[in-house]
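**Student:** I'd like to ask some things about the structure below.
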Amino acid sequence: MKDLINGETVSICLFFIGVYGLCARRNILKTIISMSIMQAAIVLYFLSSNYESTAVPPIGKNLASLERVADPLPQALTITAVVIGVSVTAVCLTMFVSMFHKYGTTNWNKVKKKRSEID
Amino acid sequence: MNDHSQLLNRSMGIIYPFIILFGLYMIANGHVSPGGGFQGGAVLSAIFIAKYLSQPIMFLDLARVQTLEKTALLALLILVTLFITLNVYQTFIQVIPYYLILANLLIGLKVACGMTIIFYRFAFYESRE
Amino acid sequence: MRRSYIGLFIFFIALVVIYQNNLIPLSVTKPISEYVIKNAYTETGAPNAVTAIYLFYRYYDTLFEALMLLFSIIAVIYMSVHEHEGDRYDE
């Protein structure tokens, strides 16, 4: 049981919490929050997939002589993923604010109904 | 945010140089120590957030900031393309750290401008009473 | 009621995924990581291997990420212009 509590399991749990938020809730803000949670879960899975507790960071001039070095590839991919996540969240929130001022509700179904009434 | 706190004003005035110094240090030492363009740019954009906390007024020309950001992206594209196509690094390996520092600087400038635009857009255009 | 059914369904899916994740081991050979750790300093002169990856080995990642940030900022600016309001702050 104790070796189940690691980064991968936690990230899978977080990912499915995000999926639950996407499926079961009809609030637009909660949808955006769920997408952010899923993105954080994916980042955590990337970083912890090759995790070793004794590894040193991949910084130094003589890395090949060290015993265990952390994998630098997921770290480099994650840096870009974090910035993209921030920008995607910002675009989502901007679209949400515009839509809220137009329709006056935060519910997907009510937005759909009001849109069909207007058209 | 209408209450101007004297305490906040003074303390933010002290904080600016440290934020700038820390961000520039992270960017310039990105290839030898933890850090780099993305992280340093995010730290640099904290200057304008601190500025907003002390004086919530619009003093930036956002179009000019966006032009700066586009210029940084264009310079980054040109730099990387030249670096790859000219093949200088295969003969002179000493060139590469300078390329890394320059690219990190451009990335940091771009990320700082981007985060600043996003923050000011949200703070001034989306907050309506 | 609908929410709890969805929650139960997703909970069982998550259990299956966690079980599968612990059942199948990851591949133990890491050729890219070993290559980068071995050659990063001699090929790029940068002690930080992460910087060496995102500016030397995989520069397309960085370039298109910067492009994506620019696009998202353009989207933020042009979607937060609202009609019937006028510009409170000059652009």
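Ligands are numbered from 1 in the order shown, residues from 1 within each chain, and chains are lettered A, B, ... in the order they appear in the structure tokens.
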Sorted by chain and rising residue number, which residues of chain B lie within 9 Å of chain A, and what are their closest atom pairs and distances in Å to one decimal, counting only C-alpha atoms, as CSV?
**Tutor:**
```
residue,atom,partner,partner_atom,distance
B:Val32,CA,A:Ile59,CA,7.3
B:Ser33,CA,A:Ile59,CA,6.9
B:Pro34,CA,A:Ile59,CA,7.8
B:Phe38,CA,A:Ile79,CA,7.2
B:Gln39,CA,A:Ile79,CA,8.3
B:Val111,CA,A:Val83,CA,8.5
B:Gly114,CA,A:Ser87,CA,8.9
B:Met115,CA,A:Ser87,CA,8.6
B:Ile118,CA,A:Ala90,CA,7.2
B:Phe122,CA,A:Thr94,CA,7.9
B:Glu126,CA,A:Val97,CA,7.1
```
**Student:** Could you give me, as CSV, every chain A residue with an atom at most 10 Å from chain C, plus its closest atom pair and distance in Å to one decimal, counting only C-alpha atoms, rows ordered by chain then number?
**Tutor:**
```
residue,atom,partner,partner_atom,distance
A:Asp3,CA,C:Asn22,CA,9.9
A:Leu4,CA,C:Asn22,CA,8.2
A:Glu8,CA,C:Asn21,CA,8.2
A:Thr9,CA,C:Ile18,CA,6.2
A:Val10,CA,C:Ile18,CA,9.4
A:Ser11,CA,C:Ile18,CA,9.9
A:Ile12,CA,C:Ile18,CA,6.9
A:Cys13,CA,C:Ala14,CA,6.7
A:Leu14,CA,C:Ala14,CA,9.7
A:Phe15,CA,C:Ala14,CA,8.8
A:Phe16,CA,C:Ala14,CA,6.3
A:Ile17,CA,C:Ile10,CA,8.4
A:Val19,CA,C:Ile10,CA,7.8
A:Tyr20,CA,C:Gly7,CA,6.3
A:Gly21,CA,C:Gly7,CA,9.3
A:Cys23,CA,C:Ile6,CA,7.4
A:Ala24,CA,C:Arg3,CA,5.4
A:Arg25,CA,C:Arg3,CA,7.9
A:Ser49,CA,C:Leu26,CA,8.1
A:Asn50,CA,C:Leu26,CA,8.4
A:Pro57,CA,C:Asn48,CA,9.1
A:Pro58,CA,C:Ala49,CA,5.8
A:Ile59,CA,C:Asn48,CA,4.5
A:Gly60,CA,C:Pro47,CA,4.8
A:Lys61,CA,C:Pro47,CA,5.1
A:Asn62,CA,C:Tyr41,CA,7.7
A:Leu63,CA,C:Ile37,CA,6.0
A:Ala64,CA,C:Lys38,CA,4.9
A:Ser65,CA,C:Lys38,CA,8.7
A:Leu66,CA,C:Ile37,CA,9.7
A:Val69,CA,C:Ile37,CA,7.7
A:Ala70,CA,C:Ser33,CA,8.7
A:Asp71,CA,C:Ser33,CA,5.7
A:Pro72,CA,C:Val50,CA,5.5
A:Leu73,CA,C:Ser33,CA,6.5
A:Pro74,CA,C:Val50,CA,9.0
A:Gln75,CA,C:Val50,CA,6.7
A:Ala76,CA,C:Val50,CA,5.3
A:Leu77,CA,C:Tyr54,CA,7.7
A:Ile79,CA,C:Tyr54,CA,8.9
A:Thr80,CA,C:Glu65,CA,6.3
A:Ala81,CA,C:Glu65,CA,8.2
A:Val83,CA,C:Leu69,CA,7.6
A:Ile84,CA,C:Leu69,CA,6.6
A:Gly85,CA,C:Leu69,CA,9.7
A:Val86,CA,C:Leu69,CA,9.0
A:Ser87,CA,C:Ser72,CA,5.8
A:Val88,CA,C:Ser72,CA,6.8
A:Thr89,CA,C:Ser72,CA,9.5
A:Ala90,CA,C:Val76,CA,7.0
A:Val91,CA,C:Val76,CA,5.5
A:Cys92,CA,C:Val76,CA,8.8
A:Leu93,CA,C:Val76,CA,8.9
A:Thr94,CA,C:Val76,CA,6.1
A:Met95,CA,C:Met79,CA,6.5
A:Phe96,CA,C:Met79,CA,9.8
A:Val97,CA,C:Ser80,CA,8.1
A:Ser98,CA,C:Ser80,CA,6.7
A:His101,CA,C:His82,CA,9.1
A:Lys102,CA,C:His82,CA,9.6
```
**Student:** Taking only residues of chain B that have an atom at most 10 Å from an atom of chain C, what is each one's shortest atom pair and its distance in Å to one decimal, using only C-alpha atoms, in chain and number order, as JSON lines?
**Tutor:**
```
{"residue": "B:Asn29", "atom": "CA", "partner": "C:Asn48", "partner_atom": "CA", "distance": 9.6}
{"residue": "B:Gly30", "atom": "CA", "partner": "C:Thr51", "partner_atom": "CA", "distance": 7.0}
{"residue": "B:His31", "atom": "CA", "partner": "C:Asn48", "partner_atom": "CA", "distance": 5.2}
{"residue": "B:Val32", "atom": "CA", "partner": "C:Pro47", "partner_atom": "CA", "distance": 5.0}
{"residue": "B:Ser33", "atom": "CA", "partner": "C:Asn48", "partner_atom": "CA", "distance": 6.1}
{"residue": "B:Pro34", "atom": "CA", "partner": "C:Asn48", "partner_atom": "CA", "distance": 7.2}
{"residue": "B:Gly35", "atom": "CA", "partner": "C:Thr51", "partner_atom": "CA", "distance": 8.5}
{"residue": "B:Gly36", "atom": "CA", "partner": "C:Thr51", "partner_atom": "CA", "distance": 7.0}
{"residue": "B:Gly37", "atom": "CA", "partner": "C:Thr51", "partner_atom": "CA", "distance": 9.0}
{"residue": "B:Phe38", "atom": "CA", "partner": "C:Thr62", "partner_atom": "CA", "distance": 9.9}
{"residue": "B:Met58", "atom": "CA", "partner": "C:Tyr89", "partner_atom": "CA", "distance": 7.6}
{"residue": "B:Phe59", "atom": "CA", "partner": "C:Tyr89", "partner_atom": "CA", "distance": 9.7}
{"residue": "B:Leu60", "atom": "CA", "partner": "C:Glu91", "partner_atom": "CA", "distance": 9.5}
{"residue": "B:Asp61", "atom": "CA", "partner": "C:Glu91", "partner_atom": "CA", "distance": 6.7}
{"residue": "B:Leu62", "atom": "CA", "partner": "C:Glu91", "partner_atom": "CA", "distance": 6.6}
{"residue": "B:Ala63", "atom": "CA", "partner": "C:Glu91", "partner_atom": "CA", "distance": 6.2}
{"residue": "B:Arg64", "atom": "CA", "partner": "C:Glu91", "partner_atom": "CA", "distance": 9.1}
{"residue": "B:Gln66", "atom": "CA", "partner": "C:Ile73", "partner_atom": "CA", "distance": 8.6}
{"residue": "B:Glu69", "atom": "CA", "partner": "C:Leu70", "partner_atom": "CA", "distance": 7.8}
{"residue": "B:Lys70", "atom": "CA", "partner": "C:Leu70", "partner_atom": "CA", "distance": 7.4}
{"residue": "B:Ala72", "atom": "CA", "partner": "C:Ala66", "partner_atom": "CA", "distance": 9.7}
{"residue": "B:Leu73", "atom": "CA", "partner": "C:Ala66", "partner_atom": "CA", "distance": 6.9}
{"residue": "B:Leu74", "atom": "CA", "partner": "C:Leu67", "partner_atom": "CA", "distance": 9.7}
{"residue": "B:Leu76", "atom": "CA", "partner": "C:Leu63", "partner_atom": "CA", "distance": 7.8}
{"residue": "B:Leu77", "atom": "CA", "partner": "C:Leu63", "partner_atom": "CA", "distance": 7.0}
{"residue": "B:Val80", "atom": "CA", "partner": "C:Tyr59", "partner_atom": "CA", "distance": 7.8}
{"residue": "B:Thr81", "atom": "CA", "partner": "C:Tyr59", "partner_atom": "CA", "distance": 9.9}
{"residue": "B:Phe83", "atom": "CA", "partner": "C:Phe56", "partner_atom": "CA", "distance": 9.8}
{"residue": "B:Ile84", "atom": "CA", "partner": "C:Phe56", "partner_atom": "CA", "distance": 9.3}
{"residue": "B:Tyr89", "atom": "CA", "partner": "C:Thr44", "partner_atom": "CA", "distance": 8.7}
{"residue": "B:Gln90", "atom": "CA", "partner": "C:Glu43", "partner_atom": "CA", "distance": 9.1}
{"residue": "B:Ile93", "atom": "CA", "partner": "C:Thr44", "partner_atom": "CA", "distance": 7.1}
{"residue": "B:Gln94", "atom": "CA", "partner": "C:Gly45", "partner_atom": "CA", "distance": 7.5}
{"residue": "B:Val95", "atom": "CA", "partner": "C:Thr44", "partner_atom": "CA", "distance": 9.0}
{"residue": "B:Ile96", "atom": "CA", "partner": "C:Thr44", "partner_atom": "CA", "distance": 5.9}
{"residue": "B:Pro97", "atom": "CA", "partner": "C:Gly45", "partner_atom": "CA", "distance": 6.2}
{"residue": "B:Tyr98", "atom": "CA", "partner": "C:Gly45", "partner_atom": "CA", "distance": 9.9}
{"residue": "B:Tyr99", "atom": "CA", "partner": "C:Leu55", "partner_atom": "CA", "distance": 8.9}
{"residue": "B:Leu100", "atom": "CA", "partner": "C:Leu55", "partner_atom": "CA", "distance": 6.8}
{"residue": "B:Ile101", "atom": "CA", "partner": "C:Thr51", "partner_atom": "CA", "distance": 10.0}
{"residue": "B:Ala103", "atom": "CA", "partner": "C:Leu55", "partner_atom": "CA", "distance": 7.6}
{"residue": "B:Asn104", "atom": "CA", "partner": "C:Leu55", "partner_atom": "CA", "distance": 8.4}
{"residue": "B:Ile107", "atom": "CA", "partner": "C:Ala66", "partner_atom": "CA", "distance": 7.6}
{"residue": "B:Lys110", "atom": "CA", "partner": "C:Ala66", "partner_atom": "CA", "distance": 7.7}
{"residue": "B:Val111", "atom": "CA", "partner": "C:Leu69", "partner_atom": "CA", "distance": 7.9}
{"residue": "B:Cys113", "atom": "CA", "partner": "C:Ile73", "partner_atom": "CA", "distance": 9.7}
{"residue": "B:Gly114", "atom": "CA", "partner": "C:Ile73", "partner_atom": "CA", "distance": 6.5}
{"residue": "B:Met115", "atom": "CA", "partner": "C:Ile73", "partner_atom": "CA", "distance": 8.6}
{"residue": "B:Ile117", "atom": "CA", "partner": "C:Ile73", "partner_atom": "CA", "distance": 7.3}
{"residue": "B:Ile118", "atom": "CA", "partner": "C:Ile73", "partner_atom": "CA", "distance": 6.7}
{"residue": "B:Arg121", "atom": "CA", "partner": "C:Ile77", "partner_atom": "CA", "distance": 7.0}
{"residue": "B:Phe122", "atom": "CA", "partner": "C:Ser80", "partner_atom": "CA", "distance": 8.4}
{"residue": "B:Phe124", "atom": "CA", "partner": "C:Tyr89", "partner_atom": "CA", "distance": 8.3}
{"residue": "B:Tyr125", "atom": "CA", "partner": "C:Ser80", "partner_atom": "CA", "distance": 6.8}
{"residue": "B:Glu126", "atom": "CA", "partner": "C:Ser80", "partner_atom": "CA", "distance": 6.9}
```
**Student:** Which distance in Å separates atom CA of A:Leu22 and atom CA of A:Ile118, to one decimal?
**Tutor:**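 Between these atoms lies a distance of 26.4 Å.
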**Student:** Hey, what's within 12 Å of A:Tyr103 if we count only C-alpha atoms and toss same-chain stuff fewer than 2 positions away? As a JSON list (two decimals) with N, CA, C and O atoms, in the first residue's frame, please?
**Tutor:**
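As written to disk, part_23.json reads:
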```json
[["chain", "number", "residue", "atom", "x", "y", "z"],
["A", 96, "PHE", "N", -14.64, 33.40, -21.29],
["A", 96, "PHE", "CA", -15.72, 33.23, -20.31],
["A", 96, "PHE", "C", -16.28, 34.58, -19.86],
["A", 96, "PHE", "O", -17.50, 34.74, -19.73],
["A", 97, "VAL", "N", -15.38, 35.57, -19.64],
["A", 97, "VAL", "CA", -15.87, 36.88, -19.17],
["A", 97, "VAL", "C", -16.72, 37.53, -20.25],
["A", 97, "VAL", "O", -17.80, 38.08, -19.96],
["A", 98, "SER", "N", -16.27, 37.45, -21.52],
["A", 98, "SER", "CA", -17.08, 38.01, -22.61],
["A", 98, "SER", "C", -18.45, 37.35, -22.67],
["A", 98, "SER", "O", -19.47, 38.02, -22.78],
["A", 99, "MET", "N", -18.46, 36.02, -22.54],
["A", 99, "MET", "CA", -19.73, 35.30, -22.63],
["A", 99, "MET", "C", -20.62, 35.60, -21.44],
["A", 99, "MET", "O", -21.84, 35.73, -21.58],
["A", 100, "PHE", "N", -20.02, 35.77, -20.27],
["A", 100, "PHE", "CA", -20.82, 36.08, -19.09],
["A", 100, "PHE", "C", -21.50, 37.44, -19.21],
["A", 100, "PHE", "O", -22.65, 37.62, -18.82],
["A", 101, "HIS", "N", -20.76, 38.41, -19.80],
["A", 101, "HIS", "CA", -21.39, 39.72, -19.94],
["A", 101, "HIS", "C", -22.43, 39.73, -21.04],
["A", 101, "HIS", "O", -23.30, 40.59, -21.06],
["A", 105, "THR", "N", -24.95, 34.30, -17.46],
["A", 105, "THR", "CA", -25.05, 33.06, -16.69],
["A", 105, "THR", "C", -23.74, 32.29, -16.80],
["A", 105, "THR", "O", -22.95, 32.53, -17.70],
["A", 106, "THR", "N", -23.53, 31.36, -15.85],
["A", 106, "THR", "CA", -22.31, 30.56, -15.90],
["A", 106, "THR", "C", -22.62, 29.10, -16.18],
["A", 106, "THR", "O", -21.78, 28.24, -15.97],
["A", 107, "ASN", "N", -23.83, 28.83, -16.66],
["A", 107, "ASN", "CA", -24.23, 27.44, -16.88],
["A", 107, "ASN", "C", -24.21, 27.14, -18.37],
["A", 107, "ASN", "O", -24.72, 27.92, -19.17],
["A", 108, "TRP", "N", -23.63, 26.00, -18.71],
["A", 108, "TRP", "CA", -23.54, 25.65, -20.14],
["A", 108, "TRP", "C", -24.92, 25.55, -20.78],
["A", 108, "TRP", "O", -25.15, 26.08, -21.87],
["A", 109, "ASN", "N", -25.85, 24.88, -20.08],
["A", 109, "ASN", "CA", -27.16, 24.64, -20.69],
["A", 109, "ASN", "C", -27.95, 25.92, -20.84],
["A", 109, "ASN", "O", -28.62, 26.14, -21.85],
["A", 110, "LYS", "N", -27.85, 26.81, -19.82],
["A", 110, "LYS", "CA", -28.58, 28.07, -19.93],
["A", 110, "LYS", "C", -28.01, 28.93, -21.04],
["A", 110, "LYS", "O", -28.75, 29.62, -21.75],
["A", 111, "VAL", "N", -26.67, 28.88, -21.20],
["A", 111, "VAL", "CA", -26.05, 29.63, -22.30],
["A", 111, "VAL", "C", -26.56, 29.12, -23.63],
["A", 111, "VAL", "O", -26.91, 29.89, -24.53],
["A", 112, "LYS", "N", -26.66, 27.80, -23.74],
["A", 112, "LYS", "CA", -27.15, 27.21, -25.00],
["A", 112, "LYS", "C", -28.59, 27.62, -25.28],
["A", 112, "LYS", "O", -28.94, 27.99, -26.39],
["A", 113, "LYS", "N", -29.41, 27.61, -24.20],
["A", 113, "LYS", "CA", -30.82, 27.98, -24.38],
["A", 113, "LYS", "C", -30.95, 29.44, -24.79],
["A", 113, "LYS", "O", -31.68, 29.79, -25.72],
["A", 114, "LYS", "N", -30.20, 30.31, -24.11],
["A", 114, "LYS", "CA", -30.30, 31.74, -24.43],
["A", 114, "LYS", "C", -29.79, 32.02, -25.83],
["A", 114, "LYS", "O", -30.34, 32.86, -26.54],
["A", 115, "ARG", "N", -28.78, 31.28, -26.22],
["A", 115, "ARG", "CA", -28.25, 31.50, -27.57],
["A", 115, "ARG", "C", -29.27, 31.10, -28.62],
["A", 115, "ARG", "O", -29.47, 31.78, -29.62],
["A", 116, "SER", "N", -29.99, 29.99, -28.38],
["A", 116, "SER", "CA", -31.00, 29.57, -29.35],
["A", 116, "SER", "C", -32.20, 30.51, -29.34],
["A", 116, "SER", "O", -32.86, 30.69, -30.36],
["A", 117, "GLU", "N", -32.47, 31.17, -28.19],
["A", 117, "GLU", "CA", -33.57, 32.15, -28.17],
["A", 117, "GLU", "C", -33.19, 33.39, -28.96],
["A", 117, "GLU", "O", -34.02, 33.97, -29.65],
["A", 118, "ILE", "N", -31.94, 33.81, -28.85],
["A", 118, "ILE", "CA", -31.52, 35.04, -29.52],
["A", 118, "ILE", "C", -31.50, 34.83, -31.04],
["A", 118, "ILE", "O", -31.99, 35.65, -31.80]]
```
**Student:** Rounded to one decimal in Å, what is the spacing between atom CA of B:Ile19 and atom CA of B:Gln55?
**Tutor:**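 These atoms are spaced 17.1 Å apart.
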**Student:** Do you know which residues are at most 8 Å from B:Leu105 counting only C-alpha atoms, after dropping those on the same chain fewer than 3 positions away, and could you put them as a list in words?
**Tutor:**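 The filter keeps Ile27, Ala28, Gly37, Ile101, Leu102, Gly108 and Leu109 of chain B.
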**Student:** Pick out each residue of chain A that DSSP on the backbone tags as strand (DSSP E or B); I need them as a PyMOL selection string.
**Tutor:** chain A and resi 27+56+59+69+107
**Student:** Output the selection as a PDB file, in the first residue's frame - N, CA, C and O atoms for each residue.
**Tutor:**
```pdb
ATOM      1  N   ASN A  27     -20.925  24.103 -14.663  1.00  0.00           N
ATOM      2  CA  ASN A  27     -20.461  25.475 -14.491  1.00  0.00           C
ATOM      3  C   ASN A  27     -19.241  25.703 -15.387  1.00  0.00           C
ATOM      4  O   ASN A  27     -18.344  24.873 -15.444  1.00  0.00           O
ATOM      5  N   VAL A  56      20.458  13.161  -8.513  1.00  0.00           N
ATOM      6  CA  VAL A  56      20.859  14.559  -8.362  1.00  0.00           C
ATOM      7  C   VAL A  56      20.343  15.334  -9.574  1.00  0.00           C
ATOM      8  O   VAL A  56      20.064  14.753 -10.617  1.00  0.00           O
ATOM      9  N   ILE A  59      22.644  19.173 -13.424  1.00  0.00           N
ATOM     10  CA  ILE A  59      23.453  20.373 -13.593  1.00  0.00           C
ATOM     11  C   ILE A  59      24.871  20.051 -13.161  1.00  0.00           C
ATOM     12  O   ILE A  59      25.084  19.561 -12.050  1.00  0.00           O
ATOM     13  N   VAL A  69      21.463  10.429 -12.184  1.00  0.00           N
ATOM     14  CA  VAL A  69      21.119  11.806 -12.541  1.00  0.00           C
ATOM     15  C   VAL A  69      19.667  11.814 -12.973  1.00  0.00           C
ATOM     16  O   VAL A  69      19.205  10.900 -13.661  1.00  0.00           O
ATOM     17  N   ASN A 107     -23.829  28.826 -16.656  1.00  0.00           N
ATOM     18  CA  ASN A 107     -24.228  27.439 -16.879  1.00  0.00           C
ATOM     19  C   ASN A 107     -24.212  27.138 -18.372  1.00  0.00           C
ATOM     20  O   ASN A 107     -24.720  27.920 -19.166  1.00  0.00           O
TER      21      ASN A 107
END
```
